[in-house]
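Containing PDB, C-alpha atoms: coords10.pdb.
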ATOM      1  CA  MET A 787      29.326 -19.993 -32.061
ATOM      2  CA  ARG A 788      32.658 -21.181 -33.451
ATOM      3  CA  SER A 789      31.387 -20.837 -37.023
ATOM      4  CA  VAL A 790      30.051 -17.320 -36.469
ATOM      5  CA  LEU A 791      33.254 -16.164 -34.759
ATOM      6  CA  SER A 792      35.315 -17.636 -37.594
ATOM      7  CA  ILE A 793      33.285 -15.687 -40.159
ATOM      8  CA  ILE A 794      33.741 -12.464 -38.163
ATOM      9  CA  PHE A 795      37.510 -12.939 -37.879
ATOM     10  CA  ASP A 796      37.763 -13.746 -41.611
ATOM     11  CA  TRP A 797      35.917 -10.491 -42.315
ATOM     12  CA  GLY A 798      38.332  -8.688 -39.993
ATOM     13  CA  ILE A 799      41.337 -10.115 -41.855
ATOM     14  CA  GLU A 800      39.862  -9.106 -45.226
ATOM     15  CA  TYR A 801      39.359  -5.509 -44.117
ATOM     16  CA  GLY A 802      42.581  -5.174 -42.141
ATOM     17  CA  TYR A 803      41.191  -5.155 -38.600
ATOM     18  CA  THR A 804      43.108  -8.266 -37.551
ATOM     19  CA  LYS A 805      45.782 -10.579 -38.922
ATOM     20  CA  ASP A 806      44.655 -13.834 -37.375
ATOM     21  CA  ASN A 807      41.573 -16.028 -37.025
ATOM     22  CA  PRO A 808      41.905 -17.836 -33.665
ATOM     23  CA  ALA A 809      38.493 -19.454 -34.101
ATOM     24  CA  SER A 810      39.814 -21.464 -37.047
ATOM     25  CA  ARG A 811      42.065 -23.413 -34.657
ATOM     26  CA  VAL A 812      39.178 -24.487 -32.437
ATOM     27  CA  LYS A 813      37.889 -27.945 -33.295
ATOM     28  CA  PRO A 814      34.161 -28.134 -34.031
ATOM     29  CA  ALA A 815      32.129 -29.640 -31.202
ATOM     30  CA  ARG A 816      30.920 -33.130 -31.961
ATOM     31  CA  ARG A 817      27.191 -33.723 -31.820
ATOM     32  CA  PRO A 818      26.425 -36.156 -28.964
ATOM     33  CA  LYS A 819      25.552 -39.580 -30.382
ATOM     34  CA  SER A 820      22.769 -39.901 -27.820
ATOM     35  CA  LEU A 821      20.802 -37.053 -29.403
ATOM     36  CA  PRO A 822      17.934 -38.071 -31.714
ATOM     37  CA  ASP A 823      18.066 -37.144 -35.406
ATOM     38  CA  ALA A 824      17.305 -33.482 -35.911
ATOM     39  CA  ASN A 825      14.235 -32.770 -38.063
ATOM     40  CA  ARG A 826      13.514 -36.447 -38.656
ATOM     41  CA  PRO A 827      11.121 -37.408 -41.469
ATOM     42  CA  TRP A 828       7.469 -37.758 -40.479
ATOM     43  CA  THR A 829       5.795 -41.138 -40.876
ATOM     44  CA  ASP A 830       2.792 -41.546 -43.182
ATOM     45  CA  ALA A 831       0.533 -41.999 -40.156
ATOM     46  CA  GLU A 832       1.875 -38.850 -38.490
ATOM     47  CA  ARG A 833       1.220 -36.761 -41.594
ATOM     48  CA  GLU A 834      -2.380 -37.952 -41.814
ATOM     49  CA  THR A 835      -2.929 -37.503 -38.070
ATOM     50  CA  VAL A 836      -1.649 -33.927 -38.066
ATOM     51  CA  LEU A 837      -3.623 -32.961 -41.176
ATOM     52  CA  ALA A 838      -6.827 -34.233 -39.575
ATOM     53  CA  ALA A 839      -6.167 -32.323 -36.340
ATOM     54  CA  LEU A 840      -5.193 -28.942 -37.818
ATOM     55  CA  PRO A 841      -7.516 -25.948 -37.409
ATOM     56  CA  ALA A 842      -8.628 -24.343 -40.682
ATOM     57  CA  HIS A 843      -6.159 -21.418 -40.577
ATOM     58  CA  MET A 844      -3.157 -23.778 -40.142
ATOM     59  CA  LYS A 845      -3.963 -26.325 -42.861
ATOM     60  CA  LEU A 846      -2.642 -24.335 -45.841
ATOM     61  CA  PRO A 847       0.762 -23.433 -44.340
ATOM     62  CA  ILE A 848       1.315 -27.051 -43.306
ATOM     63  CA  ALA A 849       0.195 -28.280 -46.743
ATOM     64  CA  LEU A 850       2.766 -26.009 -48.421
ATOM     65  CA  MET A 851       5.489 -27.436 -46.177
ATOM     66  CA  MET A 852       4.265 -31.014 -46.423
ATOM     67  CA  PHE A 853       3.697 -31.280 -50.188
ATOM     68  CA  TYR A 854       5.997 -28.584 -51.636
ATOM     69  CA  ALA A 855       8.792 -28.994 -49.049
ATOM     70  CA  LEU A 856       8.870 -25.247 -48.393
ATOM     71  CA  ASP A 857      10.797 -23.929 -45.417
ATOM     72  CA  PRO A 858       8.356 -22.786 -42.707
ATOM     73  CA  GLN A 859       9.287 -19.130 -43.176
ATOM     74  CA  ASP A 860       9.021 -19.418 -46.969
ATOM     75  CA  ALA A 861       5.554 -20.947 -46.669
ATOM     76  CA  LEU A 862       4.328 -18.241 -44.287
ATOM     77  CA  ASP A 863       5.792 -15.417 -46.421
ATOM     78  CA  LEU A 864       4.503 -16.788 -49.746
ATOM     79  CA  PRO A 865       2.619 -14.011 -51.601
ATOM     80  CA  ARG A 866      -0.723 -14.708 -53.212
ATOM     81  CA  SER A 867       0.827 -14.181 -56.642
ATOM     82  CA  ALA A 868       3.169 -17.166 -56.157
ATOM     83  CA  ILE A 869       0.310 -19.634 -56.648
ATOM     84  CA  SER A 870      -1.825 -19.933 -59.772
ATOM     85  CA  GLU A 871      -3.643 -22.636 -61.692
ATOM     86  CA  ALA A 872      -0.294 -23.413 -63.318
ATOM     87  CA  GLY A 873       1.304 -24.108 -59.945
ATOM     88  CA  LEU A 874       3.937 -22.679 -57.603
ATOM     89  CA  ASP A 875       6.388 -20.034 -58.811
ATOM     90  CA  THR A 876       8.701 -18.729 -56.099
ATOM     91  CA  ARG A 877      12.262 -18.652 -54.784
ATOM     92  CA  ARG A 878      13.752 -20.189 -51.693
ATOM     93  CA  ASN A 879      14.836 -17.411 -49.325
ATOM     94  CA  LYS A 880      17.882 -19.313 -48.041
ATOM     95  CA  THR A 881      19.465 -20.091 -51.414
ATOM     96  CA  GLY A 882      17.638 -17.793 -53.827
ATOM     97  CA  ARG A 883      17.022 -20.823 -56.042
ATOM     98  CA  PRO A 884      13.818 -20.705 -58.124
ATOM     99  CA  ILE A 885      11.111 -23.262 -57.454
ATOM    100  CA  TYR A 886       8.582 -24.095 -60.183
ATOM    101  CA  LEU A 887       6.158 -26.888 -59.355
ATOM    102  CA  PRO A 888       2.747 -27.796 -60.778
ATOM    103  CA  LEU A 889      -0.336 -27.291 -58.632
ATOM    104  CA  PHE A 890      -0.537 -30.310 -56.366
ATOM    105  CA  GLU A 891      -4.056 -31.526 -55.593
ATOM    106  CA  PRO A 892      -3.673 -31.553 -51.774
ATOM    107  CA  VAL A 893      -2.398 -27.957 -51.906
ATOM    108  CA  ALA A 894      -5.215 -26.898 -54.241
ATOM    109  CA  ASP A 895      -7.719 -28.425 -51.804
ATOM    110  CA  ALA A 896      -6.091 -26.616 -48.870
ATOM    111  CA  ILE A 897      -6.288 -23.301 -50.743
ATOM    112  CA  ALA A 898      -9.965 -23.861 -51.550
ATOM    113  CA  CYS A 899     -10.776 -24.683 -47.917
ATOM    114  CA  ALA A 900      -8.688 -21.897 -46.338
ATOM    115  CA  PRO A 901     -10.638 -19.134 -44.549
ATOM    116  CA  LYS A 902     -11.053 -16.019 -46.692
ATOM    117  CA  HIS A 903      -8.858 -13.057 -45.790
ATOM    118  CA  ASP A 904      -7.375  -9.838 -47.191
ATOM    119  CA  ALA A 905      -3.735 -10.419 -46.220
ATOM    120  CA  VAL A 906      -1.075  -9.920 -48.886
ATOM    121  CA  THR A 907       0.285 -13.387 -48.097
ATOM    122  CA  LEU A 908      -1.377 -16.592 -49.234
ATOM    123  CA  CYS A 909      -1.614 -17.828 -45.638
ATOM    124  CA  ALA A 910      -3.156 -15.894 -42.771
ATOM    125  CA  ASN A 911      -3.788 -16.449 -39.073
ATOM    126  CA  SER A 912      -7.180 -16.636 -37.381
ATOM    127  CA  LEU A 913      -7.418 -12.824 -37.459
ATOM    128  CA  GLY A 914      -6.870 -12.714 -41.215
ATOM    129  CA  ARG A 915      -3.381 -11.225 -40.873
ATOM    130  CA  PRO A 916      -0.057 -12.548 -42.196
ATOM    131  CA  TRP A 917       1.463 -15.169 -39.947
ATOM    132  CA  THR A 918       4.619 -14.392 -38.008
ATOM    133  CA  TYR A 919       7.032 -17.287 -37.600
ATOM    134  CA  ASN A 920       6.816 -17.080 -33.808
ATOM    135  CA  GLY A 921       3.031 -16.980 -33.913
ATOM    136  CA  PHE A 922       2.783 -20.045 -36.107
ATOM    137  CA  SER A 923       5.446 -21.907 -34.122
ATOM    138  CA  THR A 924       3.546 -21.247 -30.895
ATOM    139  CA  ASN A 925       0.312 -22.615 -32.360
ATOM    140  CA  TRP A 926       2.151 -25.610 -33.824
ATOM    141  CA  ALA A 927       3.906 -26.396 -30.526
ATOM    142  CA  ARG A 928       0.558 -26.343 -28.707
ATOM    143  CA  LEU A 929      -1.056 -28.738 -31.209
ATOM    144  CA  LYS A 930       1.980 -31.050 -31.332
ATOM    145  CA  GLY A 931       2.092 -31.231 -27.543
ATOM    146  CA  LYS A 932      -1.561 -32.230 -27.443
ATOM    147  CA  LEU A 933      -1.082 -34.974 -30.053
ATOM    148  CA  GLU A 934       2.030 -36.280 -28.299
ATOM    149  CA  GLY A 935       0.146 -36.371 -24.994
ATOM    150  CA  GLU A 936      -2.572 -38.451 -26.635
ATOM    151  CA  GLY A 937       0.011 -40.800 -28.140
ATOM    152  CA  ALA A 938      -1.170 -39.916 -31.655
ATOM    153  CA  VAL A 939       2.345 -38.912 -32.818
ATOM    154  CA  GLN A 940       5.837 -39.709 -31.614
ATOM    155  CA  PRO A 941       8.145 -37.038 -30.140
ATOM    156  CA  GLY A 942      10.495 -35.258 -32.525
ATOM    157  CA  LEU A 943       8.127 -33.782 -35.118
ATOM    158  CA  THR A 944       9.395 -30.456 -36.464
ATOM    159  CA  LEU A 945       8.168 -28.200 -39.249
ATOM    160  CA  LYS A 946      11.551 -28.426 -40.979
ATOM    161  CA  GLY A 947      11.195 -32.181 -40.772
ATOM    162  CA  LEU A 948       8.578 -31.925 -43.510
ATOM    163  CA  ARG A 949      11.305 -30.906 -45.994
ATOM    164  CA  HIS A 950      13.269 -33.975 -44.949
ATOM    165  CA  THR A 951      10.111 -36.041 -45.378
ATOM    166  CA  VAL A 952       9.564 -34.947 -48.991
ATOM    167  CA  ALA A 953      13.227 -35.449 -49.852
ATOM    168  CA  THR A 954      13.330 -38.887 -48.248
ATOM    169  CA  ILE A 955      10.182 -40.024 -50.064
ATOM    170  CA  LEU A 956      11.581 -38.804 -53.390
ATOM    171  CA  ALA A 957      14.824 -40.661 -52.711
ATOM    172  CA  GLU A 958      12.914 -43.818 -51.811
ATOM    173  CA  MET A 959      11.060 -43.453 -55.122
ATOM    174  CA  GLY A 960      14.453 -43.600 -56.851
ATOM    175  CA  LYS A 961      14.572 -39.957 -57.984
ATOM    176  CA  ASP A 962      18.086 -38.754 -58.812
ATOM    177  CA  HIS A 963      20.021 -36.197 -56.808
ATOM    178  CA  GLY A 964      19.481 -33.402 -59.317
ATOM    179  CA  THR A 965      15.720 -33.869 -59.314
ATOM    180  CA  ILE A 966      15.535 -33.821 -55.521
ATOM    181  CA  ALA A 967      17.704 -30.688 -55.381
ATOM    182  CA  LEU A 968      15.470 -29.054 -58.016
ATOM    183  CA  VAL A 969      12.262 -29.754 -56.099
ATOM    184  CA  LEU A 970      13.675 -28.597 -52.767
ATOM    185  CA  GLY A 971      15.511 -25.560 -54.121
ATOM    186  CA  HIS A 972      18.915 -26.742 -52.911
ATOM    187  CA  ALA A 973      21.925 -24.848 -54.227
ATOM    188  CA  THR A 974      23.880 -28.105 -54.501
ATOM    189  CA  GLU A 975      23.125 -31.828 -54.640
ATOM    190  CA  ALA A 976      24.889 -32.523 -51.330
ATOM    191  CA  MET A 977      21.717 -32.763 -49.249
ATOM    192  CA  ALA A 978      19.957 -34.733 -51.985
ATOM    193  CA  LYS A 979      22.777 -37.304 -51.800
ATOM    194  CA  HIS A 980      22.294 -37.483 -48.040
ATOM    195  CA  TYR A 981      18.625 -38.364 -48.463
ATOM    196  CA  SER A 982      19.470 -40.910 -51.149
ATOM    197  CA  ARG A 983      21.951 -42.641 -48.854
ATOM    198  CA  ARG A 984      19.295 -42.857 -46.173
ATOM    199  CA  ALA A 985      16.786 -44.275 -48.667
ATOM    200  CA  ASP A 986      19.325 -46.843 -49.888
ATOM    201  CA  MET A 987      19.991 -47.916 -46.304
ATOM    202  CA  THR A 988      16.254 -48.265 -45.701
ATOM    203  CA  ARG A 989      15.804 -50.412 -48.817
ATOM    204  CA  GLN A 990      18.790 -52.589 -47.934
ATOM    205  CA  ALA A 991      17.649 -53.021 -44.338
ATOM    206  CA  THR A 992      14.120 -53.897 -45.443
ATOM    207  CA  SER A 993      15.471 -56.471 -47.869
ATOM    208  CA  VAL A 994      17.745 -58.000 -45.228
ATOM    209  CA  VAL A 995      14.932 -58.238 -42.675
ATOM    210  CA  ALA A 996      12.668 -59.889 -45.266
ATOM    211  CA  ASP A 997      15.409 -62.413 -46.124
ATOM    212  CA  PHE A 998      16.069 -63.001 -42.441
ATOM    213  CA  GLY A 999      12.370 -63.681 -41.861
ATOM    214  CA  GLU A1000      12.308 -66.200 -44.691
ATOM    215  CA  GLU A1001      15.401 -67.914 -43.298
ATOM    216  CA  LEU A1002      13.822 -68.197 -39.850
ATOM    217  CA  ASN A1003      10.697 -69.693 -41.374
ATOM    218  CA  LYS A1004      12.809 -72.277 -43.242
ATOM    219  CA  ARG A1005      14.641 -73.209 -40.054
ATOM    220  CA  LYS A1006      11.368 -73.436 -38.154
ATOM    221  CA  THR A1007      10.007 -75.785 -40.822
ATOM    222  CA  LYS A1008      13.099 -77.994 -40.567
ATOM    223  CA  VAL A1009      12.759 -78.201 -36.789
ATOM    224  CA  VAL A1010       9.086 -79.172 -37.053
ATOM    225  CA  LYS A1011       9.868 -81.860 -39.660
ATOM    226  CA  SER A1012      12.736 -83.303 -37.639
ATOM    227  CA  GLY A1013      10.530 -83.368 -34.559
ATOM    228  CA  VAL A1014       7.917 -85.358 -36.459
TER     229      VAL A1014
END
Could you spell out this file's structure in structure tokens?
Amino acid sequence: MRSVLSIIFDWGIEYGYTKDNPASRVKPARRPKSLPDANRPWTDAERETVLAALPAHMKLPIALMMFYALDPQDALDLPRSAISEAGLDTRRNKTGRPIYLPLFEPVADAIACAPKHDAVTLCANSLGRPWTYNGFSTNWARLKGKLEGEGAVQPGLTLKGLRHTVATILAEMGKDHGTIALVLGHATEAMAKHYSRRADMTRQATSVVADFGEELNKRKTKVVKSGV
């Protein structure tokens, strides 16, 4: 709310409706530390579990989000012409940045298995009509709730989390910031750097835990030997 009001007051100053922006003096609210990470990356097991549980008309939209890191709305709005044998050719709605990616096998398989329809969009709902964001979100929430209830996935899965998943995996693979920004259609490398920092922390933590485990084993061996 503060950000929106600040933008409105700045517009008012530019066009002479006001001389001050009181919202600029309000400190941004801090996000409570107790809140879980927003749009956390999905685990490998969660991705496989969800893919196996999806009905036919939801598999392609999820595949576009999961393997091409498309925003949910971008995936649902994607026209048929954006996909060819050469791959994906589109633009990210939020930034206007072009996205050119080769045809990924899991996406090609999802396209081949998708129910036939006459919608202008690549993806369509069970009635063969273009998905609305609310319609898809409702179906996704119902499926996610079922899987959570069964203990098949952990709480916190979001559709936007699939973008974070792709970016995190790329960072863990050692891809540079520019490459990650290119794949995700980011206007800047800021978010790519964020994912890289997270990947670096994961690698460091994994290494430390491995070293710690080895050290405990050494100490255990010494105790056994001294006891003998």
Check what the PyMOL selection byres ((chain A and resi 874-879) around 9) selects in the file above and give those residues as an MDAnalysis selection string. chainID A and resid 854 856:857 859:860 864:865 867:873 880:890 970:972
Residues matched by the PyMOL selection byres ((chain A and resi 951) around 12), written as number ranges by chain: A: 825-830, 832-833, 851-856, 943-950, 952-958, 966, 970, 978, 981, 984-985
Residue neighbourhood A:Asp863, 9 Å, all atoms listed in the file, exclusion window fewer than 6 positions, as a list in words: Thr907, Leu908, Cys909, Pro916, Trp917 and Thr918 of chain A
Have a look at atom CA of A:Ala849 and atom CA of A:Ala896 and let me know their distance in Å, one decimal. 6.8 Å
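Interatomic distance, atom CA of A:Lys932 to atom CA of A:Gly914: 24.5 Å.
Coordinates place atom CA of A:Ser789 at a distance of 7.8 Å from atom CA of A:Ala809.
For A:Ala838, the list of residues within 12 Å, based on all atoms listed in the file and with local chain neighbours fewer than 6 positions off taken out, reads Ala831, Glu832, Met844, Lys845, Ile848, Ala849, Leu929, Leu933 and Ala938 of chain A.
Of the residues under consideration (A:Pro808, A:Gly937, A:Pro814, A:Pro892), A:Pro892 shows the shortest atom-to-atom contact distance to A:Pro847 when counting only C-alpha atoms.
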Mind working out the centre and edge lengths of an axis-aligned box for stretch 840-853 of chain A, all listed atoms inside, 8 Å added to each side, rounded to one decimal in Å and written as lines of an AutoDock Vina configuration file?
center_x = -1.6
center_y = -26.3
center_z = -43.8
size_x = 30.1
size_y = 25.9
size_z = 28.8
